[in-house]
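Structure file final15.txt with compact mmCIF, C-alpha atoms:
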# COMPACT_ATOMS: atom_id res chain seq x y z
CA MET M 1 7.79 5.23 -19.11
CA ARG M 2 6.92 1.60 -18.44
CA GLU M 3 9.44 -1.22 -18.61
CA SER M 4 9.20 -4.95 -17.92
CA PRO M 5 12.54 -6.07 -16.46
CA VAL M 6 13.24 -9.69 -15.63
CA ASP M 7 14.56 -10.82 -12.26
CA ALA M 8 17.52 -12.86 -13.54
CA LYS M 9 17.58 -15.04 -10.44
CA THR M 10 13.94 -16.16 -10.61
CA ASP M 11 13.12 -15.45 -14.29
CA ARG M 12 10.07 -13.45 -13.19
CA LYS M 13 9.04 -10.20 -14.87
CA PHE M 14 7.78 -7.12 -13.06
CA TYR M 15 6.50 -3.70 -14.08
CA LEU M 16 8.85 -0.75 -13.63
CA ASP M 17 7.55 2.79 -14.17
CA LEU M 18 9.97 5.71 -14.19
CA PRO M 19 10.19 9.26 -15.55
CA GLU M 20 10.77 9.66 -19.27
CA ASP M 21 13.42 12.35 -18.80
CA LEU M 22 15.23 11.08 -15.70
CA GLY M 23 18.64 12.69 -15.35
CA PRO M 24 21.73 10.54 -14.73
CA GLU M 25 22.24 11.92 -11.21
CA GLU M 26 18.66 12.83 -10.31
CA GLU M 27 17.15 11.58 -7.05
CA VAL M 28 13.95 9.51 -7.08
CA THR M 29 11.47 8.13 -4.61
CA PHE M 30 11.09 4.36 -4.97
CA ILE M 31 7.76 2.62 -4.31
CA LEU M 32 7.36 -1.17 -4.23
CA ASN M 33 3.67 -1.60 -5.07
CA LEU M 34 2.16 -4.94 -3.94
CA HIS M 35 -1.22 -6.29 -5.06
CA GLY M 36 -3.72 -8.09 -2.85
CA GLY M 37 -4.88 -11.70 -2.75
CA GLY M 38 -6.49 -12.93 -5.95
CA SER M 39 -4.98 -10.05 -7.93
CA SER M 40 -1.94 -9.21 -10.07
CA GLY M 41 0.59 -6.51 -10.76
CA ALA M 42 -1.37 -5.35 -13.81
CA TRP M 43 -4.47 -4.76 -11.67
CA GLN M 44 -2.46 -3.09 -8.89
CA ARG M 45 -0.97 -0.55 -11.30
CA ARG M 46 -4.51 0.68 -11.94
CA TYR M 47 -5.81 0.29 -8.36
CA PHE M 48 -3.07 2.56 -6.98
CA PRO M 49 -1.95 4.32 -10.16
CA ALA M 50 1.25 5.88 -8.88
CA CYS M 51 2.58 5.11 -12.36
CA ASP M 52 0.53 8.05 -13.66
CA PHE M 53 2.57 10.45 -11.53
CA VAL M 54 6.14 9.27 -12.06
CA ASP M 55 7.11 12.29 -14.18
CA GLN M 56 5.53 14.88 -11.93
CA TYR M 57 6.88 13.53 -8.63
CA ARG M 58 10.07 11.80 -9.87
CA LEU M 59 9.06 8.32 -8.83
CA VAL M 60 10.30 4.84 -9.63
CA VAL M 61 7.49 2.33 -9.08
CA ALA M 62 8.07 -1.44 -9.19
CA THR M 63 4.92 -3.58 -9.36
CA PRO M 64 5.52 -7.37 -9.27
CA THR M 65 3.06 -10.26 -9.47
CA ALA M 66 2.74 -13.28 -7.17
CA PRO M 67 2.21 -16.42 -9.32
CA ALA M 68 -0.15 -17.85 -6.68
CA GLN M 69 -2.09 -14.55 -6.70
CA ARG M 70 -1.14 -13.96 -3.08
CA TRP M 71 2.22 -13.28 -1.45
CA ILE M 72 3.78 -16.36 0.14
CA ALA M 73 7.03 -15.90 2.04
CA GLU M 74 8.82 -19.03 0.85
CA ASP M 75 7.78 -18.46 -2.78
CA ASP M 76 8.03 -14.70 -3.16
CA ASP M 77 10.32 -13.04 -0.61
CA THR M 78 13.49 -13.76 -2.59
CA HIS M 79 11.93 -12.31 -5.75
CA LEU M 80 10.79 -9.16 -3.94
CA GLU M 81 14.25 -8.66 -2.46
CA ASN M 82 15.73 -9.11 -5.94
CA VAL M 83 13.38 -6.45 -7.33
CA VAL M 84 14.49 -4.01 -4.62
CA ALA M 85 18.15 -4.82 -5.28
CA TYR M 86 17.61 -4.31 -9.04
CA VAL M 87 16.25 -0.80 -8.46
CA PHE M 88 19.00 0.18 -6.02
CA ASP M 89 21.70 -1.26 -8.28
CA ARG M 90 20.33 0.42 -11.39
CA PHE M 91 19.87 3.89 -9.95
CA GLY M 92 22.43 3.79 -7.15
CA PRO M 93 21.63 3.96 -3.41
CA GLU M 94 22.68 7.60 -3.28
CA ARG M 95 19.91 8.49 -5.76
CA ILE M 96 17.09 6.73 -3.86
CA ARG M 97 15.78 9.64 -1.80
CA ALA M 98 13.29 7.35 -0.03
CA PHE M 99 12.00 3.78 -0.30
CA TRP M 100 8.31 3.04 0.43
CA LEU M 101 6.25 -0.11 0.55
CA ALA M 102 2.68 0.23 -0.74
CA GLY M 103 0.30 -2.71 -0.50
CA HIS M 104 -3.38 -3.34 -1.06
CA SER M 105 -5.19 -5.84 1.19
CA GLN M 106 -2.99 -8.95 1.51
CA GLY M 107 -0.23 -6.91 -0.11
CA GLY M 108 -0.52 -4.52 2.83
CA MET M 109 -0.36 -7.39 5.27
CA THR M 110 2.72 -8.62 3.40
CA SER M 111 4.28 -5.16 3.76
CA ASN M 112 3.57 -5.37 7.49
CA ARG M 113 5.31 -8.75 7.67
CA LEU M 114 8.29 -7.65 5.57
CA LEU M 115 8.88 -4.68 7.85
CA ARG M 116 9.53 -7.18 10.66
CA THR M 117 12.52 -8.59 8.76
CA ASP M 118 16.01 -7.09 8.93
CA PHE M 119 16.28 -6.34 5.20
CA TYR M 120 13.18 -4.14 5.06
CA ALA M 121 13.46 -2.74 8.59
CA GLN M 122 16.88 -1.37 7.69
CA ASN M 123 15.93 0.00 4.26
CA VAL M 124 12.28 1.12 4.18
CA ASP M 125 11.42 4.75 4.93
CA GLY M 126 7.63 4.43 4.81
CA TRP M 127 4.64 2.15 4.45
CA LEU M 128 1.42 3.05 2.63
CA SER M 129 -1.29 0.61 3.65
CA LEU M 130 -4.01 0.55 0.99
CA SER M 131 -6.81 -1.14 2.91
CA GLY M 132 -4.07 -3.47 4.10
CA GLY M 133 -4.29 -3.12 7.86
CA ARG M 134 -3.72 -0.27 10.30
CA ILE M 135 -1.10 -0.02 13.00
CA GLY M 136 -3.53 0.10 15.89
CA PRO M 137 -7.27 -0.55 15.99
CA ALA M 138 -9.54 -0.44 12.96
CA PRO M 139 -12.53 -2.70 13.72
CA ARG M 140 -14.43 -4.38 10.91
CA PRO M 141 -18.09 -3.39 10.33
CA PRO M 142 -20.58 -5.19 12.59
CA ASP M 143 -22.44 -6.70 9.63
CA GLY M 144 -19.29 -8.38 8.33
CA PHE M 145 -16.66 -7.79 5.68
CA GLY M 146 -16.10 -9.21 2.22
CA PRO M 147 -18.05 -10.35 -0.83
CA PRO M 148 -21.03 -12.70 -0.70
CA ARG M 149 -19.96 -16.34 -0.41
CA ALA M 150 -21.66 -19.66 -0.67
CA GLU M 151 -21.63 -21.88 2.41
CA GLY M 152 -18.29 -23.68 2.70
CA ASP M 153 -16.56 -21.19 0.42
CA ALA M 154 -14.26 -19.73 3.12
CA ALA M 155 -11.16 -21.58 1.93
CA ARG M 156 -11.48 -20.00 -1.53
CA ARG M 157 -12.05 -16.45 -0.34
CA PRO M 158 -9.40 -13.88 -1.37
CA GLY M 159 -8.07 -13.66 2.18
CA GLY M 160 -7.96 -17.41 2.78
CA ASP M 161 -9.22 -19.28 5.85
CA PRO M 162 -10.92 -16.90 8.35
CA GLU M 163 -9.32 -18.45 11.44
CA ALA M 164 -5.88 -18.40 9.85
CA MET M 165 -6.42 -14.77 8.90
CA ARG M 166 -7.44 -13.93 12.47
CA ARG M 167 -4.22 -15.47 13.83
CA LEU M 168 -2.17 -13.65 11.21
CA ARG M 169 -3.77 -10.31 12.07
CA GLU M 170 -2.97 -10.88 15.73
CA ALA M 171 0.68 -11.57 14.90
CA LEU M 172 0.87 -8.50 12.66
CA ALA M 173 -0.62 -6.34 15.40
CA GLU M 174 2.53 -6.75 17.50
CA PRO M 175 4.63 -3.55 17.71
CA HIS M 176 7.25 -2.96 15.04
CA GLU M 177 10.87 -2.33 15.92
CA ALA M 178 11.63 -0.58 12.62
CA ASP M 179 11.27 3.18 12.17
CA PHE M 180 9.17 4.43 9.25
CA SER M 181 6.42 6.83 8.23
CA PHE M 182 2.95 5.30 8.00
CA ILE M 183 -0.10 6.23 5.94
CA TYR M 184 -3.31 4.20 6.22
CA THR M 185 -6.12 4.36 3.68
CA THR M 186 -9.50 2.68 3.97
CA GLY M 187 -12.95 2.78 2.48
CA GLU M 188 -15.71 3.96 4.79
CA HIS M 189 -17.61 0.67 4.45
CA GLU M 190 -14.58 -1.54 5.31
CA ILE M 191 -14.39 -0.58 8.98
CA ALA M 192 -16.83 0.20 11.77
CA GLU M 193 -15.22 3.58 12.42
CA LEU M 194 -11.90 5.35 12.00
CA PRO M 195 -10.21 5.72 15.40
CA ASP M 196 -9.20 9.23 16.41
CA THR M 197 -5.91 8.11 17.95
CA SER M 198 -2.88 6.25 16.62
CA PRO M 199 -0.34 4.21 18.60
CA TRP M 200 2.17 4.89 15.79
CA ALA M 201 1.68 8.63 16.28
CA GLU M 202 2.11 8.20 20.02
CA ARG M 203 5.37 6.33 19.45
CA TYR M 204 6.81 9.38 17.68
CA GLY M 205 5.34 11.97 20.04
CA ALA M 206 3.01 13.44 17.43
CA GLY M 207 0.21 15.78 18.38
CA PRO M 208 -3.53 15.03 18.25
CA ARG M 209 -4.83 14.36 14.77
CA GLU M 210 -5.74 17.32 12.60
CA GLN M 211 -8.12 17.25 9.67
CA ARG M 212 -6.85 18.57 6.38
CA PRO M 213 -9.12 19.70 3.51
CA ASP M 214 -11.09 16.90 1.90
CA VAL M 215 -9.79 15.49 -1.37
CA VAL M 216 -12.58 15.60 -3.95
CA ASP M 217 -12.52 13.58 -7.17
CA THR M 218 -14.95 14.03 -10.02
CA GLU M 219 -13.21 11.24 -11.95
CA ALA M 220 -13.61 7.59 -10.98
CA GLY M 221 -10.90 5.08 -10.20
CA GLN M 222 -9.83 2.66 -12.91
CA VAL M 223 -10.54 -0.84 -11.57
CA TRP M 224 -12.81 -2.89 -9.33
CA ASP M 225 -13.44 -6.56 -8.61
CA GLN M 226 -15.06 -7.50 -11.91
CA ARG M 227 -15.44 -11.12 -10.81
CA ARG M 228 -18.17 -9.97 -8.44
CA ASP M 229 -19.69 -7.29 -10.63
CA GLY M 230 -23.39 -7.21 -9.79
CA ASN M 231 -22.93 -9.53 -6.81
CA SER M 232 -20.86 -7.59 -4.31
CA THR M 233 -21.33 -5.88 -0.95
CA LYS M 234 -20.74 -2.36 0.35
CA SER M 235 -17.75 -3.53 2.36
CA TRP M 236 -16.17 -5.28 -0.63
CA GLY M 237 -16.97 -2.50 -3.07
CA PHE M 238 -18.88 -1.83 -6.27
CA ARG M 239 -17.95 -0.21 -9.56
CA PRO M 240 -15.72 2.84 -9.07
CA GLY M 241 -17.11 6.35 -9.18
CA PRO M 242 -16.24 9.89 -8.10
CA GLY M 243 -15.30 10.25 -4.47
CA THR M 244 -14.41 12.35 -1.46
CA ALA M 245 -11.68 11.42 1.02
CA GLN M 246 -11.12 12.81 4.49
CA VAL M 247 -7.46 13.33 5.40
CA TRP M 248 -6.30 13.16 9.02
CA VAL M 249 -2.68 13.97 9.90
CA TYR M 250 -0.83 13.53 13.19
CA PRO M 251 1.52 16.56 13.23
CA ASP M 252 4.97 17.16 14.67
CA ALA M 253 6.09 13.52 14.76
CA LYS M 254 9.69 12.89 15.74
CA ASP M 255 12.19 13.18 12.87
CA GLY M 256 9.47 14.67 10.67
CA ARG M 257 7.81 11.31 10.04
CA VAL M 258 4.48 11.40 8.22
CA ILE M 259 1.62 9.64 10.02
CA ALA M 260 -1.81 9.94 8.46
CA ASP M 261 -5.19 8.26 7.96
CA VAL M 262 -7.10 8.73 4.69
CA PHE M 263 -10.80 7.82 4.88
CA ARG M 264 -12.54 7.33 1.51
CA LEU M 265 -16.21 8.16 2.00
CA GLY M 266 -18.72 5.75 0.50
CA LYS M 267 -16.07 3.28 -0.65
CA GLY M 268 -15.38 -0.37 0.02
CA HIS M 269 -12.33 -2.59 -0.30
CA THR M 270 -11.77 -2.90 -4.04
CA GLU M 271 -12.75 0.35 -5.80
CA GLY M 272 -9.61 1.74 -7.43
CA LEU M 273 -8.24 4.99 -6.09
CA GLU M 274 -9.29 8.15 -7.90
CA PRO M 275 -6.59 10.42 -9.39
CA ASN M 276 -6.73 13.26 -6.84
CA VAL M 277 -6.58 11.01 -3.78
CA THR M 278 -3.74 9.07 -5.42
CA GLU M 279 -1.85 12.31 -5.93
CA ALA M 280 -2.57 13.40 -2.36
CA LEU M 281 -1.07 10.15 -1.03
CA ILE M 282 1.99 10.56 -3.23
CA GLY M 283 2.33 14.12 -1.97
CA HIS M 284 2.59 12.82 1.59
CA ILE M 285 5.15 10.21 0.49
CA VAL M 286 7.48 12.65 -1.25
CA ARG M 287 7.29 15.13 1.65
CA ALA M 288 8.23 12.48 4.20
CA PRO M 289 11.86 12.05 5.26
CA GLY M 290 14.05 9.44 3.58
CA GLY M 291 17.70 8.71 3.69
CA LYS M 292 18.03 4.99 4.33
CA HIS M 293 20.37 3.21 1.92
CA LEU M 294 20.24 -0.37 0.83
CA THR M 295 21.82 -2.75 3.34
CA ARG M 296 22.54 -6.24 2.08

Exercise: express the given structure as structure tokens:
Amino acid sequence: MRESPVDAKTDRKFYLDLPEDLGPEEEVTFILNLHGGGSSGAWQRRYFPACDFVDQYRLVVATPTAPAQRWIAEDDDTHLENVVAYVFDRFGPERIRAFWLAGHSQGGMTSNRLLRTDFYAQNVDGWLSLSGGRIGPAPRPPDGFGPPRAEGDAARRPGGDPEAMRRLREALAEPHEADFSFIYTTGEHEIAELPDTSPWAERYGAGPREQRPDVVDTEAGQVWDQRRDGNSTKSWGFRPGPGTAQVWVYPDAKDGRVIADVFRLGKGHTEGLEPNVTEALIGHIVRAPGGKHLTR
């Protein structure tokens, strides 16, 4: 069931997906689903379509939109905190089994930044980075990353100014103080290679990574960057199609935390996630520990 509540304090709408038959005392897993730069909540609902699995996995998924098409702290942090408070107030903290941030691209970088603030550090149980940065190394491909651009077009690119982005990535690479599970997804063509170690896994004393069975999809994802249809790059992504994803898990992490890398073969940055890999990610989320309650 999809709703469109209004944040009364900012007068901004957001998408809210929840089970049709949710019981009055039933527990749910809450996901705050953040789009990337140049995008919107409507696109993000189809890029990472957790909304298609709310009944099966008892999810509540809030998907807001940044008016500037990218998340800006001074413009958007209050709204995002209001959205979180709305969900906790409506369902009750005792019914929120776990609270996860999910973010694509700049939405993932925003999740990273939010987790360095007290509000999210105290309340978030997990972060799903959808091509939104890895805790630890994940080098870009040697032939570059992103869509084709005309000379002098850097300031209008979805990620903004390259030098500013480099400085931001350096700041976001600093260790987190918060405790949370972490799942990283990436397309094969977005990075030079997927590292076989994880500093986040080391932090929690997890064992060496183990490969799980591949996730195979015969059905394509739902969205792509239509603005660059016919003029894109492998790293940025083309039209969606069937796919195969490798799943790497770091087992036996302290407190049962889930730490995993999901590597989508043959994919770039913007092809929407296929249904089976989406479900596999949600499966990791709902199996991970929760238990934090909203602290104001």

Using only C-alpha atoms, find the one residue out of M:Ala85, M:Leu101, M:Ala206, M:Ala173 that sits nearest to Ala253 of chain M.
->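 Ranking M:Ala85, M:Leu101, M:Ala206, M:Ala173 by distance to Ala253 of chain M, first place goes to M:Ala206.
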
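For the set M:Glu190, M:Glu25, M:Glu20, M:Asp75, the residue with the smallest atom-to-atom gap to Arg264 of chain M is M:Glu190, counting only C-alpha atoms.
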
Nearest-residue call for Trp200 of chain M, choices M:Thr186, M:Ser181, M:Ser39, M:Ser105, using all atoms listed in the file |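 That would be M:Ser181, the residue with the smallest distance to Trp200 of chain M.
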
Listing only residues of segment 36-73 of chain M within 12 Å of segment 119-142 of chain M, what is the closest atom pair and its distance in Å (to one decimal) for each, using only C-alpha atoms, sorted by chain and residue number ascending, as a Markdown table?
| residue | atom | partner | partner_atom | distance |
| --- | --- | --- | --- | --- |
| M:Gly36 | CA | M:Gly132 | CA | 8.4 |
| M:Gly37 | CA | M:Gly132 | CA | 10.7 |
| M:Gln44 | CA | M:Leu130 | CA | 10.6 |
| M:Tyr47 | CA | M:Leu130 | CA | 9.5 |
| M:Phe48 | CA | M:Leu130 | CA | 8.3 |
| M:Pro49 | CA | M:Leu130 | CA | 11.9 |
| M:Ala50 | CA | M:Leu128 | CA | 11.9 |

Could you please determine the separation between atom CA of His189 of chain M and atom CA of Phe263 of chain M in Å, to one decimal place?
->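 Atom-to-atom, atom CA of His189 of chain M and atom CA of Phe263 of chain M are spaced 9.9 Å apart.
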
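What separates atom CA of Ala260 of chain M from atom CA of His35 of chain M is a distance of 21.1 Å.
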
In Å to one decimal, how far is atom CA of Val61 of chain M from atom CA of Arg95 of chain M?
-> 14.3 Å

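Residue nearest Arg203 of chain M, chosen from M:Phe182, M:Gly144, M:Ala73, M:Asp217 and counting all atoms listed in the file: M:Phe182.
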
Restricting to all atoms listed in the file, whichever of M:Val60, M:Leu281, M:Val258, M:Val223 is closest to Ala245 of chain M is M:Leu281

Option closest in space to Phe145 of chain M, from M:Lys267, M:Arg239, M:Arg46, M:Lys234 [counting only C-alpha atoms] |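 Selected residue with least distance to Phe145 of chain M: M:Lys234.
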
Neighbours of Gln106 of chain M within 12 Å (only C-alpha atoms; same-chain residues fewer than 3 positions away dropped), as JSON, numbers by chain?
-> {"M": [33, 34, 35, 36, 37, 38, 39, 40, 44, 66, 69, 70, 71, 72, 102, 103, 109, 110, 111, 112, 113, 129, 130, 131, 132, 133, 157, 158, 159, 160, 165, 168, 169, 172, 269]}
